[in-house]
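The block underneath contains the structure these notes are about, expressed in structure tokens.
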Amino acid sequence: YTDVLTSGSDSNRTLQAELTEFIKKQVNYNAGLVEKMVPKHPPICTRMLVDNHWCAMMLQDNVTLINGRVAGIKANQVIGPNGEVAPADIIIYATGFQSTSFCTASMKVIGKGGVALEDDWGVEPTAYLGMTRPNFPNFFMTYGPNTNVSSGGSIIWCAETAGRYIGQCIAAMVRNDLKEMSVKPRVFEEYNEMITKELKWTAWDDQSCRSWYKQGNTGKVTNNLPMSLEEFSARTRIVTLADFNTKAR
């Protein structure tokens, strides 16, 4: 999987050619549909889907494919990007979710000095082990930045692994009678430098690709975990208290 995930690799290019040929066959090599349906970016840079006859459906007489942003909605019409008018009595919104906001999409988290978490990590969220940040003592989260499993495995497993780590932190605070623990800036920075470096070789980071894994085309990949589950497990198996600034009661 690492080979095919690598941007520009022979394996990734081979997969792209195979998927392109599949789409072309499904639409009988219709040039107009091929132009609209074949992605310009490499495979795996967005979430992979299994075709459930969606491609072939584009050939039906009552189906029109418009690949562009909706310009407007009227009482019984959807207006396309070039003025196309599509009569509609039902509209299905499939607009995604705030994937790069993480927990701040639904709650306010305030750290030392009154800084809000969404302001502290900005438009490209980062966190140590995907769980915590400097200056946010006693704050931990699951399914945080760069913990999304996109190379096999289960996100439930990742959340449970994070929960085990967080439980160890709580136990350490009780055992050592601590009032606060906050990851050290140096530890946080070294970890995220590694994460950023490891993401650069992946198709997720491809500049021609826009996905919910990152902000826009050129932004940092903030969602996906660029390491094996075995490595993530090893990094989170035992809490190293020396990685944290602590304050006694």
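If you're wondering about the labels, chains in the structure tokens are A, B, ... by order shown, residues count from 1 in each chain, ligands from 1 in order shown.
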Name the residues in contact with range 9-22 of chain A at a cut-off of 7 Å, using only C-alpha atoms, excluding same-chain residues fewer than 6 positions from it; report them as a short mmCIF file (atom, residue, chain, number, x, y, z; two decimals) with all heavy atoms, in the first residue's frame.
data_model
loop_
_atom_site.label_atom_id
_atom_site.label_comp_id
_atom_site.auth_asym_id
_atom_site.auth_seq_id
_atom_site.Cartn_x
_atom_site.Cartn_y
_atom_site.Cartn_z
N ASP A 3 3.60 1.78 -1.55
CA ASP A 3 4.02 2.08 -2.92
C ASP A 3 2.94 2.82 -3.69
O ASP A 3 3.21 3.83 -4.35
CB ASP A 3 4.38 0.78 -3.66
CG ASP A 3 5.65 0.14 -3.14
OD1 ASP A 3 6.43 0.86 -2.50
OD2 ASP A 3 5.85 -1.06 -3.36
N VAL A 38 -13.28 11.83 -15.30
CA VAL A 38 -11.94 11.33 -14.96
C VAL A 38 -11.19 12.39 -14.18
O VAL A 38 -10.96 13.50 -14.68
CB VAL A 38 -11.15 10.95 -16.22
CG1 VAL A 38 -9.71 10.57 -15.85
CG2 VAL A 38 -11.83 9.79 -16.94
N PRO A 42 -4.06 12.36 -8.89
CA PRO A 42 -3.74 10.94 -8.74
C PRO A 42 -4.70 10.24 -7.78
O PRO A 42 -5.27 10.88 -6.89
CB PRO A 42 -2.32 10.95 -8.17
CG PRO A 42 -2.21 12.26 -7.46
CD PRO A 42 -3.01 13.22 -8.29
N PRO A 43 -4.89 8.94 -7.94
CA PRO A 43 -5.77 8.20 -7.03
C PRO A 43 -5.20 8.18 -5.61
O PRO A 43 -4.00 8.32 -5.41
CB PRO A 43 -5.80 6.79 -7.63
CG PRO A 43 -4.56 6.69 -8.44
CD PRO A 43 -4.30 8.06 -8.97
#
Original post:
Contacts of range 93-101 of chain A at 10 Å or less, counting only C-alpha atoms, minus same-chain residues fewer than 2 places along, as a ChimeraX atom specification?
Top reply: /A:90-91,103-106,117-118,121-125,144-146,211-215,221-223
Subject >> Ile23 in chain A surroundings by only C-alpha atoms, 8 Å radius, close-in-sequence under 5 positions cut, as a PyMOL selection string >> reply: chain A and resi 34+37-38+55
**OP:** Name the residues in contact with Val109 in chain A at a cut-off of 12 Å, using only C-alpha atoms, excluding same-chain residues fewer than 2 positions from it; report them as a ChimeraX atom specification.
**Re:** /A:102-107,111-112,114-121,132-133,135-141
Identify, with DSSP run on backbone atoms, the residues in range 7-117 of chain A assigned to alpha helix (DSSP H), and express the list as a short mmCIF file (atom, residue, chain, number, x, y, z; two decimals) with all heavy atoms, in the first residue's frame.
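Ended up saving to states.cif:
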data_model
loop_
_atom_site.label_atom_id
_atom_site.label_comp_id
_atom_site.auth_asym_id
_atom_site.auth_seq_id
_atom_site.Cartn_x
_atom_site.Cartn_y
_atom_site.Cartn_z
N ASP A 10 5.39 4.38 -9.68
CA ASP A 10 4.89 3.53 -10.77
C ASP A 10 3.57 2.87 -10.39
O ASP A 10 2.66 2.76 -11.21
CB ASP A 10 5.93 2.46 -11.10
CG ASP A 10 7.17 3.03 -11.79
OD1 ASP A 10 7.11 4.16 -12.29
OD2 ASP A 10 8.21 2.34 -11.79
N SER A 11 3.47 2.45 -9.14
CA SER A 11 2.24 1.79 -8.68
C SER A 11 1.05 2.73 -8.71
O SER A 11 -0.06 2.36 -9.12
CB SER A 11 2.43 1.24 -7.26
OG SER A 11 3.41 0.24 -7.22
N ASN A 12 1.28 3.99 -8.29
CA ASN A 12 0.20 4.97 -8.29
C ASN A 12 -0.22 5.30 -9.72
O ASN A 12 -1.42 5.42 -10.02
CB ASN A 12 0.62 6.23 -7.54
CG ASN A 12 -0.53 7.20 -7.33
OD1 ASN A 12 -0.81 8.03 -8.19
ND2 ASN A 12 -1.20 7.10 -6.20
N ARG A 13 0.75 5.43 -10.61
CA ARG A 13 0.44 5.74 -12.01
C ARG A 13 -0.30 4.57 -12.67
O ARG A 13 -1.20 4.78 -13.49
CB ARG A 13 1.73 6.06 -12.77
CG ARG A 13 2.39 7.36 -12.34
CD ARG A 13 3.64 7.63 -13.17
NE ARG A 13 4.39 8.77 -12.68
CZ ARG A 13 4.12 10.04 -12.94
NH1 ARG A 13 3.08 10.33 -13.71
NH2 ARG A 13 4.85 11.01 -12.45
N THR A 14 0.09 3.34 -12.34
CA THR A 14 -0.59 2.18 -12.89
C THR A 14 -2.04 2.12 -12.43
O THR A 14 -2.96 1.86 -13.22
CB THR A 14 0.14 0.88 -12.45
OG1 THR A 14 1.47 0.89 -12.99
CG2 THR A 14 -0.60 -0.35 -12.96
N LEU A 15 -2.26 2.39 -11.14
CA LEU A 15 -3.63 2.41 -10.62
C LEU A 15 -4.44 3.50 -11.30
O LEU A 15 -5.61 3.29 -11.64
CB LEU A 15 -3.61 2.64 -9.11
CG LEU A 15 -4.98 2.74 -8.42
CD1 LEU A 15 -5.77 1.45 -8.60
CD2 LEU A 15 -4.82 3.05 -6.93
N GLN A 16 -3.85 4.66 -11.50
CA GLN A 16 -4.54 5.76 -12.18
C GLN A 16 -4.96 5.36 -13.59
O GLN A 16 -6.10 5.62 -14.02
CB GLN A 16 -3.66 7.01 -12.23
CG GLN A 16 -4.36 8.22 -12.82
CD GLN A 16 -3.53 9.49 -12.65
OE1 GLN A 16 -2.31 9.44 -12.52
NE2 GLN A 16 -4.20 10.63 -12.65
N ALA A 17 -4.07 4.69 -14.32
CA ALA A 17 -4.39 4.25 -15.68
C ALA A 17 -5.51 3.23 -15.68
O ALA A 17 -6.42 3.27 -16.54
CB ALA A 17 -3.13 3.67 -16.34
N GLU A 18 -5.49 2.30 -14.72
CA GLU A 18 -6.53 1.26 -14.65
C GLU A 18 -7.88 1.86 -14.31
O GLU A 18 -8.91 1.49 -14.90
CB GLU A 18 -6.12 0.22 -13.60
CG GLU A 18 -4.92 -0.62 -14.01
CD GLU A 18 -4.47 -1.55 -12.91
OE1 GLU A 18 -4.94 -1.40 -11.75
OE2 GLU A 18 -3.63 -2.43 -13.18
N LEU A 19 -7.92 2.80 -13.36
CA LEU A 19 -9.18 3.42 -12.97
C LEU A 19 -9.72 4.30 -14.10
O LEU A 19 -10.94 4.36 -14.32
CB LEU A 19 -8.99 4.24 -11.70
CG LEU A 19 -8.66 3.44 -10.44
CD1 LEU A 19 -8.37 4.38 -9.27
CD2 LEU A 19 -9.80 2.49 -10.08
N THR A 20 -8.83 4.98 -14.80
CA THR A 20 -9.25 5.82 -15.93
C THR A 20 -9.90 4.96 -17.02
O THR A 20 -10.95 5.31 -17.56
CB THR A 20 -8.05 6.58 -16.50
OG1 THR A 20 -7.53 7.47 -15.51
CG2 THR A 20 -8.46 7.39 -17.73
N GLU A 21 -9.28 3.83 -17.32
CA GLU A 21 -9.82 2.94 -18.34
C GLU A 21 -11.17 2.37 -17.91
O GLU A 21 -12.09 2.21 -18.73
CB GLU A 21 -8.83 1.81 -18.63
CG GLU A 21 -9.27 0.84 -19.71
CD GLU A 21 -9.46 1.49 -21.07
OE1 GLU A 21 -8.93 2.61 -21.30
OE2 GLU A 21 -10.17 0.90 -21.92
N PHE A 22 -11.31 2.07 -16.62
CA PHE A 22 -12.59 1.56 -16.10
C PHE A 22 -13.70 2.58 -16.33
O PHE A 22 -14.79 2.24 -16.81
CB PHE A 22 -12.47 1.25 -14.62
CG PHE A 22 -13.77 0.89 -13.96
CD1 PHE A 22 -14.27 -0.41 -14.03
CD2 PHE A 22 -14.52 1.85 -13.29
CE1 PHE A 22 -15.49 -0.74 -13.44
CE2 PHE A 22 -15.73 1.52 -12.69
CZ PHE A 22 -16.22 0.23 -12.77
N ILE A 23 -13.44 3.85 -15.99
CA ILE A 23 -14.46 4.89 -16.16
C ILE A 23 -14.82 5.05 -17.63
O ILE A 23 -16.00 5.17 -18.00
CB ILE A 23 -13.96 6.22 -15.56
CG1 ILE A 23 -13.81 6.10 -14.04
CG2 ILE A 23 -14.93 7.36 -15.91
CD1 ILE A 23 -13.16 7.31 -13.39
N LYS A 24 -13.81 5.05 -18.49
CA LYS A 24 -14.06 5.21 -19.92
C LYS A 24 -14.96 4.10 -20.45
O LYS A 24 -15.89 4.34 -21.22
CB LYS A 24 -12.73 5.22 -20.69
CG LYS A 24 -11.90 6.48 -20.50
CD LYS A 24 -10.61 6.40 -21.30
CE LYS A 24 -9.81 7.69 -21.21
NZ LYS A 24 -8.55 7.63 -21.98
N LYS A 25 -14.69 2.86 -20.03
CA LYS A 25 -15.51 1.74 -20.48
C LYS A 25 -16.95 1.86 -19.99
O LYS A 25 -17.90 1.55 -20.72
CB LYS A 25 -14.91 0.42 -19.98
CG LYS A 25 -13.70 -0.05 -20.75
CD LYS A 25 -13.25 -1.42 -20.25
CE LYS A 25 -12.09 -1.95 -21.07
NZ LYS A 25 -11.65 -3.29 -20.60
N GLN A 26 -17.11 2.32 -18.74
CA GLN A 26 -18.45 2.42 -18.16
C GLN A 26 -19.33 3.43 -18.90
O GLN A 26 -20.55 3.29 -18.92
CB GLN A 26 -18.35 2.82 -16.68
CG GLN A 26 -17.76 1.75 -15.78
CD GLN A 26 -18.63 0.51 -15.72
OE1 GLN A 26 -19.79 0.56 -15.36
NE2 GLN A 26 -18.06 -0.63 -16.11
N ALA A 31 -16.74 11.07 -24.96
CA ALA A 31 -15.68 12.06 -24.72
C ALA A 31 -16.10 13.14 -23.72
O ALA A 31 -15.31 13.56 -22.87
CB ALA A 31 -15.26 12.71 -26.04
N GLY A 32 -17.36 13.60 -23.83
CA GLY A 32 -17.83 14.64 -22.93
C GLY A 32 -17.87 14.17 -21.49
O GLY A 32 -17.46 14.88 -20.57
N LEU A 33 -18.37 12.95 -21.27
CA LEU A 33 -18.44 12.40 -19.92
C LEU A 33 -17.05 12.07 -19.39
O LEU A 33 -16.76 12.28 -18.20
CB LEU A 33 -19.33 11.15 -19.90
CG LEU A 33 -20.82 11.40 -20.04
CD1 LEU A 33 -21.58 10.08 -20.14
CD2 LEU A 33 -21.36 12.23 -18.87
N VAL A 34 -16.19 11.54 -20.25
CA VAL A 34 -14.82 11.23 -19.82
C VAL A 34 -14.13 12.48 -19.32
O VAL A 34 -13.46 12.47 -18.28
CB VAL A 34 -14.01 10.58 -20.97
CG1 VAL A 34 -12.53 10.52 -20.62
CG2 VAL A 34 -14.54 9.19 -21.27
N GLU A 35 -14.30 13.58 -20.02
CA GLU A 35 -13.68 14.84 -19.61
C GLU A 35 -14.18 15.30 -18.25
O GLU A 35 -13.42 15.81 -17.43
CB GLU A 35 -13.96 15.91 -20.67
CG GLU A 35 -13.46 17.31 -20.31
CD GLU A 35 -11.95 17.39 -20.15
OE1 GLU A 35 -11.24 16.57 -20.76
OE2 GLU A 35 -11.49 18.27 -19.40
N LYS A 36 -15.46 15.10 -17.99
CA LYS A 36 -16.05 15.52 -16.72
C LYS A 36 -15.74 14.56 -15.58
O LYS A 36 -15.60 14.97 -14.42
CB LYS A 36 -17.57 15.66 -16.86
CG LYS A 36 -18.03 16.81 -17.73
CD LYS A 36 -19.55 16.84 -17.80
CE LYS A 36 -20.06 18.02 -18.62
NZ LYS A 36 -21.53 18.05 -18.68
N MET A 37 -15.63 13.27 -15.87
CA MET A 37 -15.62 12.26 -14.81
C MET A 37 -14.23 11.78 -14.41
O MET A 37 -14.04 11.34 -13.27
CB MET A 37 -16.47 11.06 -15.24
CG MET A 37 -17.94 11.38 -15.35
SD MET A 37 -18.92 10.05 -16.09
CE MET A 37 -18.69 8.74 -14.90
N TRP A 54 -22.67 3.87 -10.58
CA TRP A 54 -22.86 5.32 -10.72
C TRP A 54 -22.35 5.79 -12.08
O TRP A 54 -22.99 6.61 -12.74
CB TRP A 54 -22.12 6.05 -9.59
CG TRP A 54 -22.32 7.54 -9.58
CD1 TRP A 54 -23.31 8.23 -8.95
CD2 TRP A 54 -21.51 8.52 -10.24
NE1 TRP A 54 -23.18 9.59 -9.17
CE2 TRP A 54 -22.08 9.79 -9.96
CE3 TRP A 54 -20.37 8.46 -11.03
CZ2 TRP A 54 -21.53 10.98 -10.44
CZ3 TRP A 54 -19.83 9.65 -11.52
CH2 TRP A 54 -20.41 10.89 -11.23
N CYS A 55 -21.20 5.27 -12.50
CA CYS A 55 -20.62 5.71 -13.78
C CYS A 55 -21.57 5.40 -14.94
O CYS A 55 -21.85 6.27 -15.77
CB CYS A 55 -19.27 5.03 -14.01
SG CYS A 55 -17.96 5.55 -12.87
N ALA A 56 -22.04 4.16 -14.99
CA ALA A 56 -22.93 3.77 -16.08
C ALA A 56 -24.25 4.55 -16.05
O ALA A 56 -24.86 4.79 -17.09
CB ALA A 56 -23.21 2.27 -16.00
N MET A 57 -24.68 4.96 -14.87
CA MET A 57 -25.92 5.72 -14.74
C MET A 57 -25.86 7.03 -15.52
O MET A 57 -26.88 7.57 -15.95
CB MET A 57 -26.20 6.01 -13.26
CG MET A 57 -27.49 6.75 -12.98
SD MET A 57 -27.72 7.07 -11.21
CE MET A 57 -26.40 8.28 -10.92
N LEU A 117 -8.65 27.55 21.18
CA LEU A 117 -7.93 26.51 20.46
C LEU A 117 -7.94 26.77 18.96
O LEU A 117 -6.92 26.61 18.28
CB LEU A 117 -8.53 25.14 20.77
CG LEU A 117 -7.88 23.93 20.09
CD1 LEU A 117 -6.40 23.84 20.43
CD2 LEU A 117 -8.61 22.65 20.49
#
Original post:
Could you state the separation of CA of Pro81 in chain A and CA of Ile66 in chain A in Å, given to one decimal place?
Top reply: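 So the answer is 8.5 Å.
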**OP:** Fewer than 5 positions away in the same chain doesn't count, so skip those; otherwise give me all residues within 8 Å of Tyr143 in chain A, counting only C-alpha atoms, as a count of residues only.
**Re:** 7
**OP:** Would you kindly return, as a ChimeraX atom specification, each protein, DNA or RNA residue with an atom no farther than 9 Å from any atom of Phe244 in chain A, considering only C-alpha atoms and excluding same-chain residues fewer than 2 positions away?
**Re:** /A:134,181-185,187,240-242,246
Subject >> Neighbour list for range 163-172 of chain A as number ranges by chain, cut-off 8 Å, only C-alpha atoms, skip fewer than 5 positions in-chain >> reply: A: 140, 142, 178, 236-239, 241
Subject >> Nearest to Gly153 in chain A by atom-to-atom distance, counting only C-alpha atoms, from A:Ser208, A:Ser228, A:Asn82, A:Thr126 >> reply: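 Going through A:Ser208, A:Ser228, A:Asn82, A:Thr126 one by one, the smallest distance to Gly153 in chain A is for A:Ser228.
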**OP:** Quick one: pull the distance between CA of Ile44 in chain A and CA of Ala203 in chain A, Å, one decimal.
**Re:**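 These two atoms are separated by 6.2 Å.
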Original post:
Which residue out of A:Leu225, A:Val174, A:Val4, A:Ala86 has the minimum interatomic distance to Asn62 in chain A when only C-alpha atoms are used?
Top reply: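 Residue with the minimum atom-to-atom distance to Asn62 in chain A: A:Ala86.
Nearest residue to Pro226 in chain A, choosing from A:Glu198, A:Asp243, A:Asp206, A:Glu190 and counting only C-alpha atoms: A:Glu198.
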Subject >> Counting only C-alpha atoms, the option among A:Lys220, A:Arg69, A:Arg175, A:His41 closest to Gly8 in chain A >> reply: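 Closest candidate: A:His41.
Secondary structure of range 150-226 of chain A, strand (DSSP E or B) only (DSSP, backbone atoms): Leu178, Lys179, Glu180, Met181, Ser182, Val183, Thr202, Lys214, Val221 and Asn224 of chain A.
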